[in-house]
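Listing of work15.txt, compact mmCIF, C-alpha atoms
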```
# COMPACT_ATOMS: atom_id res chain seq x y z
CA MET A 227 83.16 98.85 87.42
CA GLY A 228 85.13 101.60 85.76
CA ALA A 229 85.14 103.01 82.27
CA ASP A 230 86.14 100.94 79.28
CA HIS A 231 88.91 102.18 77.00
CA THR A 232 89.68 99.46 74.48
CA ARG A 233 92.46 101.14 72.49
CA PRO A 234 95.84 100.01 73.86
CA ALA A 235 97.94 102.71 75.46
CA PRO A 236 101.37 103.55 74.02
CA PRO A 237 104.19 101.39 75.43
CA THR A 238 105.59 102.61 78.71
CA PRO A 239 109.38 103.02 79.00
CA PRO A 240 111.15 100.47 81.24
CA GLY A 241 112.19 103.08 83.79
CA VAL A 242 108.61 104.22 84.37
CA ARG A 243 107.39 100.62 84.58
CA ARG A 244 110.02 99.80 87.19
CA LEU A 245 109.01 102.84 89.24
CA LEU A 246 105.32 101.88 89.14
CA VAL A 247 106.12 98.29 90.08
CA ALA A 248 108.25 99.51 92.98
CA VAL A 249 105.26 101.50 94.28
CA VAL A 250 102.30 99.23 93.46
CA VAL A 251 103.73 95.84 94.45
CA PRO A 252 104.59 96.85 98.06
CA LEU A 253 101.13 98.40 98.42
CA PHE A 254 99.52 95.20 97.18
CA ALA A 255 101.68 93.10 99.49
CA LEU A 256 100.78 95.35 102.42
CA THR A 257 97.08 95.00 101.57
CA VAL A 258 97.32 91.20 101.47
CA ILE A 259 99.21 91.11 104.79
CA ALA A 260 96.61 93.38 106.40
CA ALA A 261 93.82 91.15 105.09
CA LEU A 262 95.51 88.07 106.57
CA VAL A 263 95.89 89.80 109.92
CA LEU A 264 92.26 90.94 109.96
CA TRP A 265 90.86 87.68 108.57
CA PRO A 266 88.21 86.25 110.95
CA ARG A 267 89.63 83.29 112.83
CA GLN A 268 86.35 81.74 113.99
CA ASP A 269 82.82 81.53 112.76
CA ARG A 270 80.20 83.42 114.72
CA GLU A 271 77.07 81.62 115.80
CA PRO A 272 74.15 82.46 113.50
CA ILE A 273 71.75 85.00 114.95
CA GLY A 274 67.99 84.76 115.09
CA GLY A 275 67.60 81.34 116.72
CA ALA A 276 66.84 78.03 115.05
CA ASP A 277 65.81 78.06 111.40
CA VAL A 278 62.17 77.37 110.61
CA PRO A 279 61.78 74.56 108.02
CA ARG A 280 60.99 76.00 104.58
CA TYR A 281 59.63 74.01 101.64
CA HIS A 282 58.59 74.79 98.08
CA GLY A 283 55.04 74.38 96.87
CA THR A 284 52.52 75.44 94.20
CA VAL A 285 49.17 77.12 94.88
CA THR A 286 46.25 75.08 93.51
CA ARG A 287 43.26 76.80 95.13
CA VAL A 288 42.41 80.08 96.88
CA VAL A 289 39.18 80.46 98.85
CA THR A 290 38.31 83.91 100.22
CA GLU A 291 35.76 84.31 103.02
CA PRO A 292 34.59 87.09 105.37
CA CYS A 293 36.88 87.75 108.29
CA PRO A 294 35.43 86.91 111.73
CA PRO A 295 34.81 89.90 114.02
CA THR A 296 37.30 90.67 116.76
CA PRO A 297 37.24 93.08 119.71
CA GLU A 298 39.63 95.36 117.84
CA ALA A 299 37.64 95.10 114.56
CA PRO A 300 33.93 94.33 115.15
CA ASP A 301 33.20 94.64 111.44
CA GLY A 302 35.42 91.68 110.59
CA GLY A 303 38.91 93.14 110.39
CA ARG A 304 40.96 94.29 107.43
CA GLY A 305 41.54 90.87 105.87
CA PRO A 306 41.96 89.15 103.60
CA CYS A 307 40.73 85.94 105.21
CA GLY A 308 40.32 82.44 103.86
CA THR A 309 42.42 79.43 102.97
CA VAL A 310 45.00 78.57 100.34
CA THR A 311 45.54 75.01 99.11
CA VAL A 312 49.15 74.31 98.20
CA THR A 313 50.75 71.21 96.69
CA ALA A 314 53.88 70.64 98.75
CA GLU A 315 56.94 69.77 96.66
CA GLN A 316 59.38 69.19 99.52
CA GLY A 317 59.37 68.08 103.14
CA PRO A 318 57.43 65.36 104.95
CA ASP A 319 54.21 66.22 103.06
CA ALA A 320 55.77 66.27 99.59
CA GLY A 321 53.17 65.49 96.94
CA ARG A 322 50.24 66.19 99.25
CA GLN A 323 47.74 69.04 99.42
CA VAL A 324 48.19 71.24 102.50
CA GLU A 325 46.05 74.15 103.61
CA THR A 326 47.35 77.48 104.83
CA PRO A 327 45.64 80.74 105.78
CA ILE A 328 45.68 83.53 103.21
CA PRO A 329 48.72 85.71 104.00
CA ALA A 330 47.65 88.93 105.69
CA GLY A 331 49.34 91.94 107.20
CA PRO A 332 51.84 94.55 105.97
CA GLY A 333 54.11 93.15 103.27
CA ALA A 334 52.20 89.86 103.00
CA PRO A 335 52.46 88.21 99.54
CA ARG A 336 49.39 88.15 97.30
CA VAL A 337 48.89 84.65 95.99
CA ALA A 338 46.89 83.22 93.09
CA VAL A 339 46.42 79.78 91.58
CA GLY A 340 49.63 78.61 89.93
CA ASP A 341 51.98 80.73 92.05
CA GLU A 342 55.12 79.02 93.29
CA VAL A 343 55.48 79.81 96.98
CA VAL A 344 57.65 79.04 100.00
CA LEU A 345 55.96 77.26 102.90
CA VAL A 346 57.15 77.48 106.51
CA GLU A 347 56.38 74.65 108.89
CA LEU A 348 55.16 75.79 112.31
CA THR A 349 55.06 73.58 115.40
CA ASP A 350 52.65 74.07 118.29
CA PRO A 351 54.78 74.68 121.42
CA ALA A 352 52.15 72.95 123.59
CA ASP A 353 52.03 69.84 121.37
CA PRO A 354 55.07 69.32 119.07
CA ALA A 355 53.14 66.68 117.16
CA VAL A 356 50.72 69.33 115.86
CA LYS A 357 52.11 71.10 112.81
CA SER A 358 50.75 73.69 110.40
CA TYR A 359 51.94 75.61 107.34
CA ASN A 360 52.04 79.28 106.42
CA ILE A 361 53.03 80.96 103.15
CA ALA A 362 56.18 83.01 103.71
CA GLU A 363 56.85 84.42 100.24
CA HIS A 364 56.99 83.66 96.53
CA GLN A 365 59.77 81.61 94.99
CA ARG A 366 62.08 84.00 93.17
CA GLY A 367 64.92 81.72 92.14
CA THR A 368 63.90 81.13 88.50
CA PRO A 369 63.21 84.78 87.51
CA LEU A 370 66.38 85.90 89.28
CA ILE A 371 68.43 83.31 87.39
CA TRP A 372 67.00 84.43 84.05
CA LEU A 373 67.65 88.06 84.93
CA MET A 374 71.26 87.28 85.80
CA VAL A 375 71.68 85.32 82.55
CA LEU A 376 70.34 88.30 80.58
CA PHE A 377 72.60 90.64 82.56
CA ALA A 378 75.71 88.54 81.86
CA ALA A 379 74.82 87.97 78.19
CA ALA A 380 74.31 91.70 77.57
CA ILE A 381 77.65 92.59 79.18
CA VAL A 382 79.57 89.93 77.22
CA ALA A 383 77.77 90.74 73.95
CA PHE A 384 78.60 94.42 74.25
CA GLY A 385 81.99 94.27 75.94
CA ARG A 386 83.23 90.92 74.54
CA TRP A 387 86.42 89.89 76.32
CA ARG A 388 86.46 93.10 78.32
CA GLY A 389 82.87 92.41 79.37
CA LEU A 390 83.82 88.89 80.43
CA ALA A 391 86.66 90.34 82.49
CA ALA A 392 84.20 92.79 84.08
CA LEU A 393 81.97 89.88 85.09
CA GLY A 394 85.00 88.20 86.65
CA GLY A 395 85.75 91.40 88.56
CA LEU A 396 82.15 91.55 89.79
CA VAL A 397 82.37 87.98 91.07
CA ALA A 398 85.67 88.78 92.79
CA SER A 399 84.12 91.87 94.43
CA PHE A 400 81.27 89.88 95.94
CA ALA A 401 83.66 87.11 96.99
CA ILE A 402 85.79 89.62 98.93
CA LEU A 403 82.74 91.30 100.45
CA LEU A 404 81.10 88.03 101.52
CA GLY A 405 84.31 86.20 102.39
CA PHE A 406 86.32 88.91 104.15
CA VAL A 407 84.60 92.25 104.78
CA LEU A 408 81.30 91.08 106.27
CA PRO A 409 82.76 88.17 108.31
CA GLY A 410 85.57 90.44 109.53
CA ILE A 411 83.18 93.12 110.76
CA GLY A 412 80.91 90.45 112.26
CA ALA A 413 83.87 88.97 114.12
CA GLY A 414 84.47 92.28 115.89
CA GLN A 415 87.34 93.68 113.79
CA PRO A 416 87.47 97.50 113.32
CA PRO A 417 84.92 98.14 110.53
CA LEU A 418 86.74 101.12 109.01
CA LEU A 419 90.04 99.27 108.76
CA VAL A 420 88.35 96.16 107.36
CA ALA A 421 86.49 98.28 104.80
CA ILE A 422 89.64 100.06 103.60
CA VAL A 423 91.58 96.79 103.28
CA GLY A 424 88.64 95.06 101.58
CA ALA A 425 88.11 97.98 99.21
CA ALA A 426 91.83 97.96 98.35
CA LEU A 427 91.68 94.23 97.60
CA ILE A 428 88.64 94.74 95.37
CA MET A 429 90.38 97.64 93.65
CA PHE A 430 93.55 95.67 92.85
CA VAL A 431 91.68 92.62 91.57
CA VAL A 432 88.96 94.41 89.60
CA LEU A 433 91.04 97.13 87.95
CA TYR A 434 93.87 94.88 86.80
CA LEU A 435 91.49 92.10 85.76
CA THR A 436 89.20 94.44 83.83
CA HIS A 437 91.69 96.89 82.32
CA GLY A 438 94.89 94.84 82.15
CA ILE A 439 98.27 95.19 83.80
CA THR A 440 99.39 98.50 82.29
CA ALA A 441 100.90 101.75 83.48
CA GLN A 442 97.58 103.45 82.86
CA THR A 443 95.81 100.97 85.17
CA SER A 444 98.53 101.36 87.80
CA VAL A 445 97.98 105.12 87.81
CA ALA A 446 94.24 104.52 88.29
CA VAL A 447 95.01 102.10 91.15
CA LEU A 448 97.19 104.65 92.93
CA GLY A 449 94.62 107.39 92.40
CA THR A 450 91.82 105.18 93.72
CA LEU A 451 93.81 104.10 96.76
CA GLY A 452 94.73 107.68 97.63
CA SER A 453 91.12 108.79 97.21
CA LEU A 454 89.90 105.96 99.45
CA VAL A 455 92.23 107.14 102.21
CA VAL A 456 91.01 110.72 101.76
CA THR A 457 87.39 109.50 101.89
CA GLY A 458 88.06 107.54 105.08
CA VAL A 459 89.70 110.49 106.82
CA LEU A 460 86.95 112.89 105.74
CA GLY A 461 84.30 110.41 106.86
CA LEU A 462 85.94 110.05 110.27
CA LEU A 463 86.11 113.82 110.71
CA ALA A 464 82.57 114.42 109.46
CA THR A 465 80.92 111.75 111.60
CA SER A 466 82.84 112.93 114.65
CA ALA A 467 81.92 116.58 114.06
CA THR A 468 78.23 115.72 113.60
CA HIS A 469 78.27 113.23 116.52
CA LEU A 470 76.77 110.42 114.46
CA THR A 471 76.44 107.16 116.40
CA GLY A 472 75.56 104.79 113.56
CA PHE A 473 72.06 104.18 114.93
CA GLY A 474 70.56 106.08 112.03
CA SER A 475 68.50 103.23 110.60
CA GLU A 476 66.20 100.49 111.82
CA ASP A 477 68.58 97.88 110.41
CA ALA A 478 71.44 99.21 112.52
CA THR A 479 69.26 99.21 115.64
CA THR A 480 68.18 95.63 114.97
CA LEU A 481 71.78 94.57 114.39
CA SER A 482 72.83 96.08 117.73
CA MET A 483 70.21 93.93 119.47
CA PHE A 484 71.65 90.71 118.06
CA GLN A 485 75.34 91.66 117.92
CA GLY A 486 76.03 94.21 120.60
CA ASP A 487 79.79 94.19 120.04
CA VAL A 488 79.57 95.56 116.47
CA ASP A 489 80.88 99.12 116.21
CA LEU A 490 77.98 100.85 114.42
CA HIS A 491 79.91 104.11 114.06
CA GLY A 492 82.68 102.23 112.30
CA LEU A 493 80.08 100.34 110.28
CA LEU A 494 78.75 103.67 109.01
CA LEU A 495 82.26 104.66 107.90
CA ALA A 496 82.74 101.25 106.27
CA GLY A 497 79.55 101.74 104.27
CA ILE A 498 80.79 105.10 103.01
CA ILE A 499 84.09 103.54 101.88
CA ILE A 500 82.50 100.57 100.10
CA GLY A 501 79.80 102.75 98.54
CA SER A 502 82.38 105.22 97.19
CA LEU A 503 84.63 102.59 95.60
CA GLY A 504 82.45 101.86 92.58
CA VAL A 505 82.29 105.51 91.54
CA LEU A 506 85.91 106.24 92.43
CA ASP A 507 87.41 103.64 90.12
CA ASP A 508 85.24 104.87 87.27
CA VAL A 509 86.60 108.41 87.70
CA THR A 510 90.24 107.38 88.15
CA VAL A 511 90.27 105.05 85.15
CA THR A 512 88.65 107.75 83.02
CA GLN A 513 91.15 110.40 84.09
CA ALA A 514 94.16 108.13 83.50
CA ALA A 515 92.83 107.19 80.07
CA THR A 516 92.08 110.83 79.23
CA VAL A 517 95.65 111.91 79.91
CA THR A 518 96.96 109.00 77.83
CA GLU A 519 94.66 109.81 74.91
CA LEU A 520 95.53 113.52 74.99
CA ALA A 521 99.24 112.77 75.01
CA HIS A 522 98.79 110.31 72.14
CA ALA A 523 96.73 112.78 70.09
CA ASN A 524 99.09 115.71 70.67
CA PRO A 525 102.61 114.71 71.76
CA GLY A 526 103.55 118.36 71.98
CA LEU A 527 101.44 119.01 75.07
CA SER A 528 103.45 119.74 78.20
CA ARG A 529 102.76 118.23 81.61
CA ARG A 530 100.82 121.32 82.69
CA GLN A 531 98.80 121.37 79.48
CA LEU A 532 97.93 117.69 79.87
CA TYR A 533 96.86 118.27 83.45
CA ARG A 534 94.68 121.26 82.61
CA ALA A 535 93.01 119.62 79.62
CA ALA A 536 92.28 116.36 81.47
CA THR A 537 91.03 118.27 84.51
CA ARG A 538 88.45 120.01 82.32
CA VAL A 539 87.18 116.57 81.33
CA GLY A 540 87.18 115.57 84.99
CA ARG A 541 85.08 118.60 85.95
CA ALA A 542 82.39 117.59 83.46
CA HIS A 543 82.52 114.02 84.75
CA ILE A 544 82.24 115.10 88.38
CA ALA A 545 79.32 117.43 87.65
CA SER A 546 77.24 114.48 86.43
CA THR A 547 78.55 111.96 88.94
CA VAL A 548 77.71 114.10 91.99
CA ASN A 549 74.05 113.97 91.00
CA THR A 550 74.39 110.20 90.57
CA ILE A 551 75.74 109.76 94.10
CA VAL A 552 73.05 111.89 95.74
CA LEU A 553 70.23 110.21 93.81
CA ALA A 554 71.64 106.75 94.59
CA TYR A 555 71.61 107.46 98.33
CA ALA A 556 68.17 109.09 98.07
CA GLY A 557 66.76 106.12 96.17
CA ALA A 558 68.06 103.69 98.76
CA SER A 559 66.48 105.79 101.54
CA LEU A 560 63.07 106.56 100.03
CA PRO A 561 61.06 104.99 102.91
CA LEU A 562 63.10 107.03 105.38
CA LEU A 563 62.60 110.23 103.38
CA LEU A 564 58.85 109.65 103.15
CA LEU A 565 58.73 109.12 106.89
CA LEU A 566 60.58 112.36 107.48
CA VAL A 567 58.32 114.29 105.07
CA ALA A 568 55.32 113.16 107.08
CA ASP A 569 57.00 114.33 110.29
CA SER A 570 55.40 117.36 111.92
CA ARG A 571 58.66 118.73 113.31
CA PRO A 572 60.30 121.87 111.84
CA VAL A 573 62.51 121.37 108.77
CA SER A 574 65.62 122.40 110.72
CA GLU A 575 65.05 119.63 113.25
CA ILE A 576 64.41 117.06 110.53
CA LEU A 577 67.59 117.97 108.63
CA THR A 578 69.72 117.71 111.77
CA SER A 579 68.16 114.46 113.01
CA GLU A 580 70.37 111.37 113.14
CA PHE A 581 68.45 109.68 110.33
CA LEU A 582 68.81 112.42 107.72
CA ALA A 583 72.18 113.77 108.92
CA GLN A 584 73.64 110.33 108.28
CA GLU A 585 72.53 110.41 104.64
CA ILE A 586 73.81 113.97 104.21
CA VAL A 587 77.22 112.97 105.56
CA ARG A 588 77.30 109.92 103.27
CA SER A 589 76.63 112.00 100.17
CA ALA A 590 78.94 114.87 101.11
CA VAL A 591 81.93 112.69 102.08
CA ALA A 592 81.58 110.48 99.01
CA THR A 593 81.45 113.57 96.79
CA LEU A 594 84.51 115.15 98.42
CA GLY A 595 86.48 111.92 97.97
CA LEU A 596 85.37 111.83 94.34
CA ILE A 597 86.49 115.41 93.74
CA ALA A 598 89.88 114.63 95.31
CA ALA A 599 90.30 111.70 92.90
CA VAL A 600 90.38 113.97 89.83
CA PRO A 601 93.46 116.13 90.56
CA LEU A 602 95.25 113.25 92.27
CA THR A 603 94.85 110.79 89.40
CA THR A 604 95.29 113.41 86.68
CA GLY A 605 98.51 114.67 88.24
CA LEU A 606 99.93 111.14 88.57
CA ALA A 607 98.97 110.33 84.97
CA ALA A 608 100.54 113.55 83.65
CA ILE A 609 103.79 112.85 85.54
CA VAL A 610 103.98 109.25 84.29
CA THR A 611 103.18 110.25 80.70
CA THR A 612 105.70 113.08 80.47
CA ALA A 613 108.38 111.08 82.32
CA GLY A 614 108.03 108.35 79.74
CA ARG A 615 108.28 110.89 76.96
CA ARG A 616 111.51 112.37 78.28
CA SER A 617 113.04 108.95 78.85
CA HIS A 618 112.99 108.40 75.10
CA GLY A 619 114.80 111.60 74.41
CA ALA A 620 114.10 115.27 74.28
CA GLU A 621 110.53 116.31 74.66
CA PRO A 622 109.14 117.01 71.21
CA ALA A 623 108.64 120.62 70.33
CA PRO A 624 105.10 121.77 69.85
CA PRO A 625 103.95 121.83 66.24
CA ALA A 626 105.09 124.92 64.39
CA ALA A 627 102.48 127.58 63.89
CA ARG A 628 101.31 128.19 60.35
CA PRO A 629 102.71 131.41 58.82
CA PRO A 630 100.14 134.20 58.77
CA ALA A 631 98.28 134.36 55.52
CA GLY A 632 98.61 137.42 53.40
CA ARG A 633 95.76 139.89 52.99
CA ASP A 634 95.19 138.88 49.39
CA ASP A 635 95.07 135.19 50.31
CA ALA A 636 92.49 135.88 52.99
CA LEU A 637 90.29 137.89 50.64
CA GLU A 638 90.60 135.22 47.99
CA ALA A 639 89.54 132.50 50.47
CA LEU A 640 86.52 134.52 51.51
CA GLY A 641 85.43 135.63 48.05
CA GLY A 642 86.28 132.58 46.05
CA GLY A 643 88.57 134.50 43.71
CA LYS A 644 91.27 137.11 43.62
CA SER A 645 90.70 140.22 45.66
CA THR A 646 89.29 143.32 44.08
CA GLU A 647 92.39 145.30 44.94
CA ALA A 648 94.57 142.74 43.17
CA ALA A 649 92.45 143.11 40.05
CA TRP A 650 93.03 146.82 40.13
```

Re-express the file's structure as structure tokens.
Amino acid sequence: MGADHTRPAPPTPPGVRRLLVAVVVPLFALTVIAALVLWPRQDREPIGGADVPRYHGTVTRVVTEPCPPTPEAPDGGRGPCGTVTVTAEQGPDAGRQVETPIPAGPGAPRVAVGDEVVLVELTDPADPAVKSYNIAEHQRGTPLIWLMVLFAAAIVAFGRWRGLAALGGLVASFAILLGFVLPGIGAGQPPLLVAIVGAALIMFVVLYLTHGITAQTSVAVLGTLGSLVVTGVLGLLATSATHLTGFGSEDATTLSMFQGDVDLHGLLLAGIIIGSLGVLDDVTVTQAATVTELAHANPGLSRRQLYRAATRVGRAHIASTVNTIVLAYAGASLPLLLLLVADSRPVSEILTSEFLAQEIVRSAVATLGLIAAVPLTTGLAAIVTTAGRRSHGAEPAPPAARPPAGRDDALEALGGGKSTEAAW
């Protein structure tokens, strides 16, 4: 998360450091206190009923046969039909050959000899002593582990110690999401408040762990925190103005059936906050580093000049990042978009439906929060940089302009020799 700027920033004067500490430390303490207050006090009962026993196995034989006719499909149905022989590796039949029907239906796995699969044990309600097996899915543990190893190795090889710190920040992010944000929302806490506190915790841990405890990082932290608040307020206003309920997806509808006390409107806002955080910290770190680099390259730049120059960089960054946000939301919602394209309703009705309006609000609010991050972070960085400069003494004068070259010198530079007039 965030951009990587490996060159150390110039030392920050003690007065500026004390001011940043006086602002950042209370905010961090307030975030920790809020997290303790919102921390779920009891575990919720798991939803979905009792777990079905699941065991690993390996396919040793696949036999395909014609499907028997049914009243709905006199020609034998859609299939496939047949049996799969699996060597069970776990459970009461470990080491034995068990037979299962070939998986059929939408989303059913396609199996072949040698595939490692997951078996589910089914019990006949009329006679608990009668048991059977079905293939639920393929085993994915080994390829996922190798993919994660490659992912971690590439990050460490390229980023070295900074890459290792980024991996630590990623682990911390998931720990906060799985240990605080999701359990807190599941326990009935206000989703928007939990998301803001959780995002702030992730921000503090990840930014300081990845980029070090510096004034530049502190500026990025303040810019990110301010942008998160702006994003939350804009999200609240936008969802209220468009009357979004949070029931804009099948997952949300299913969740409401199992956990009726979850605030789906707040859950929508929480998703916007969490989804915006990863892009926000990239922009804020980049803007803080840009101001620092500009001031280091040209100490004569004033606060306004630093702000304007860094803002031009921010505009280019935002122009590419906006497309990233929209495509990310579109990619995550491709099945929904395909369903809407096949809809026979007018385009105006499709665009204003709950399903698509929710995605439009997500993209628009995240983009507005991202745009707000550029002037906010750039202004803070320019103030901190110029304040540190003045604390060391008078602000350096801009470099003196070169004296204008004489006409003869200019003609000589262009012609490679003395001017014709001089020869005369």

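Computed from the coordinates, the atom CA of Gly410 of chain A to atom CA of Ala558 of chain A distance equals 24.5 Å.
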
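Using only C-alpha atoms, the residues found no farther than 9 Å from Leu448 of chain A, other than those of its own chain fewer than 4 positions away, are Val249, Val250, Thr443, Ser444, Gly452, Ser453, Thr510, Leu602, Thr603 and Leu606 of chain A.
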
May I have the protein, DNA and RNA residues with any atom at most 7 Å from the point (82.6, 107.7, 87.7), counting only C-alpha atoms, written as a PyMOL selection string? chain A and resi 228+505-509+543+547

Set the distance at 9 Å and use all atoms listed in the file: which residues neighbour Ala425 of chain A once local chain neighbours fewer than 5 positions away are removed? I'd like the list as a ChimeraX atom specification. /A:399,402-403,407,420,430,451,454,499-500,503

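If you measure from each of A:Ile361, A:Pro306, A:Val312, A:Val251 to Pro279 of chain A using all atoms listed in the file, the closest one turns out to be A:Ile361.
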
Would you mind reading off the distance between atom CA of Glu315 of chain A and atom CA of Tyr281 of chain A, one decimal, in Å? 7.1 Å

Kindly extract all protein, DNA and RNA residues lying within 12 Å of the coordinates (87.2, 104.1, 99.0) given in the file, considering only C-alpha atoms, and supply them as a PyMOL selection string. chain A and resi 418-429+447-461+495-508+510+591-596+598-599

Keeping C-alpha atoms for every residue in the selection just given, could you write it to a file as a compact mmCIF listing (two decimals), in the frame of the given file?
```
# COMPACT_ATOMS: atom_id res chain seq x y z
CA LEU A 418 86.74 101.12 109.01
CA LEU A 419 90.04 99.27 108.76
CA VAL A 420 88.35 96.16 107.36
CA ALA A 421 86.49 98.28 104.80
CA ILE A 422 89.64 100.06 103.60
CA VAL A 423 91.58 96.79 103.28
CA GLY A 424 88.64 95.06 101.58
CA ALA A 425 88.11 97.98 99.21
CA ALA A 426 91.83 97.96 98.35
CA LEU A 427 91.68 94.23 97.60
CA ILE A 428 88.64 94.74 95.37
CA MET A 429 90.38 97.64 93.65
CA VAL A 447 95.01 102.10 91.15
CA LEU A 448 97.19 104.65 92.93
CA GLY A 449 94.62 107.39 92.40
CA THR A 450 91.82 105.18 93.72
CA LEU A 451 93.81 104.10 96.76
CA GLY A 452 94.73 107.68 97.63
CA SER A 453 91.12 108.79 97.21
CA LEU A 454 89.90 105.96 99.45
CA VAL A 455 92.23 107.14 102.21
CA VAL A 456 91.01 110.72 101.76
CA THR A 457 87.39 109.50 101.89
CA GLY A 458 88.06 107.54 105.08
CA VAL A 459 89.70 110.49 106.82
CA LEU A 460 86.95 112.89 105.74
CA GLY A 461 84.30 110.41 106.86
CA LEU A 495 82.26 104.66 107.90
CA ALA A 496 82.74 101.25 106.27
CA GLY A 497 79.55 101.74 104.27
CA ILE A 498 80.79 105.10 103.01
CA ILE A 499 84.09 103.54 101.88
CA ILE A 500 82.50 100.57 100.10
CA GLY A 501 79.80 102.75 98.54
CA SER A 502 82.38 105.22 97.19
CA LEU A 503 84.63 102.59 95.60
CA GLY A 504 82.45 101.86 92.58
CA VAL A 505 82.29 105.51 91.54
CA LEU A 506 85.91 106.24 92.43
CA ASP A 507 87.41 103.64 90.12
CA ASP A 508 85.24 104.87 87.27
CA THR A 510 90.24 107.38 88.15
CA VAL A 591 81.93 112.69 102.08
CA ALA A 592 81.58 110.48 99.01
CA THR A 593 81.45 113.57 96.79
CA LEU A 594 84.51 115.15 98.42
CA GLY A 595 86.48 111.92 97.97
CA LEU A 596 85.37 111.83 94.34
CA ALA A 598 89.88 114.63 95.31
CA ALA A 599 90.30 111.70 92.90
```

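Summary of the local environment: counting only C-alpha atoms, residues at most 10 Å from segment 465-467 of chain A, other than itself and those fewer than 6 positions away along its chain, are His491, Gly492, Leu494, Leu495, Ala583, Gln584, Val587, Arg588 and Val591 of chain A.
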
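Checking A:Thr480, A:Thr611, A:Ser475, A:Gln323 one by one against Gly241 of chain A, counting all atoms listed in the file, you find the shortest gap at A:Thr611.
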
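Picture a line from atom CA of Leu563 of chain A to atom CA of His364 of chain A; it runs 28.0 Å.
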
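If only C-alpha atoms are the atoms counted, then among A:Ala391, A:Ile597, A:Ala556, A:Ala334 the closest residue to Leu435 of chain A is A:Ala391.
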
Polymer residues at most 10 Å from Val339 of chain A, only C-alpha atoms, same-chain spacing of 6 or more positions, as a ChimeraX atom specification: /A:284-288,310-312

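Considering the residues A:Leu582, A:Val356, A:Leu376, A:Leu532 and counting only C-alpha atoms, Thr468 of chain A has its shortest atom-to-atom contact with A:Leu582.
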
Determine the nearest neighbour of Ser559 of chain A from the options A:Gly321, A:His522, A:Glu476, A:Ser528, counting all atoms listed in the file. A:Glu476
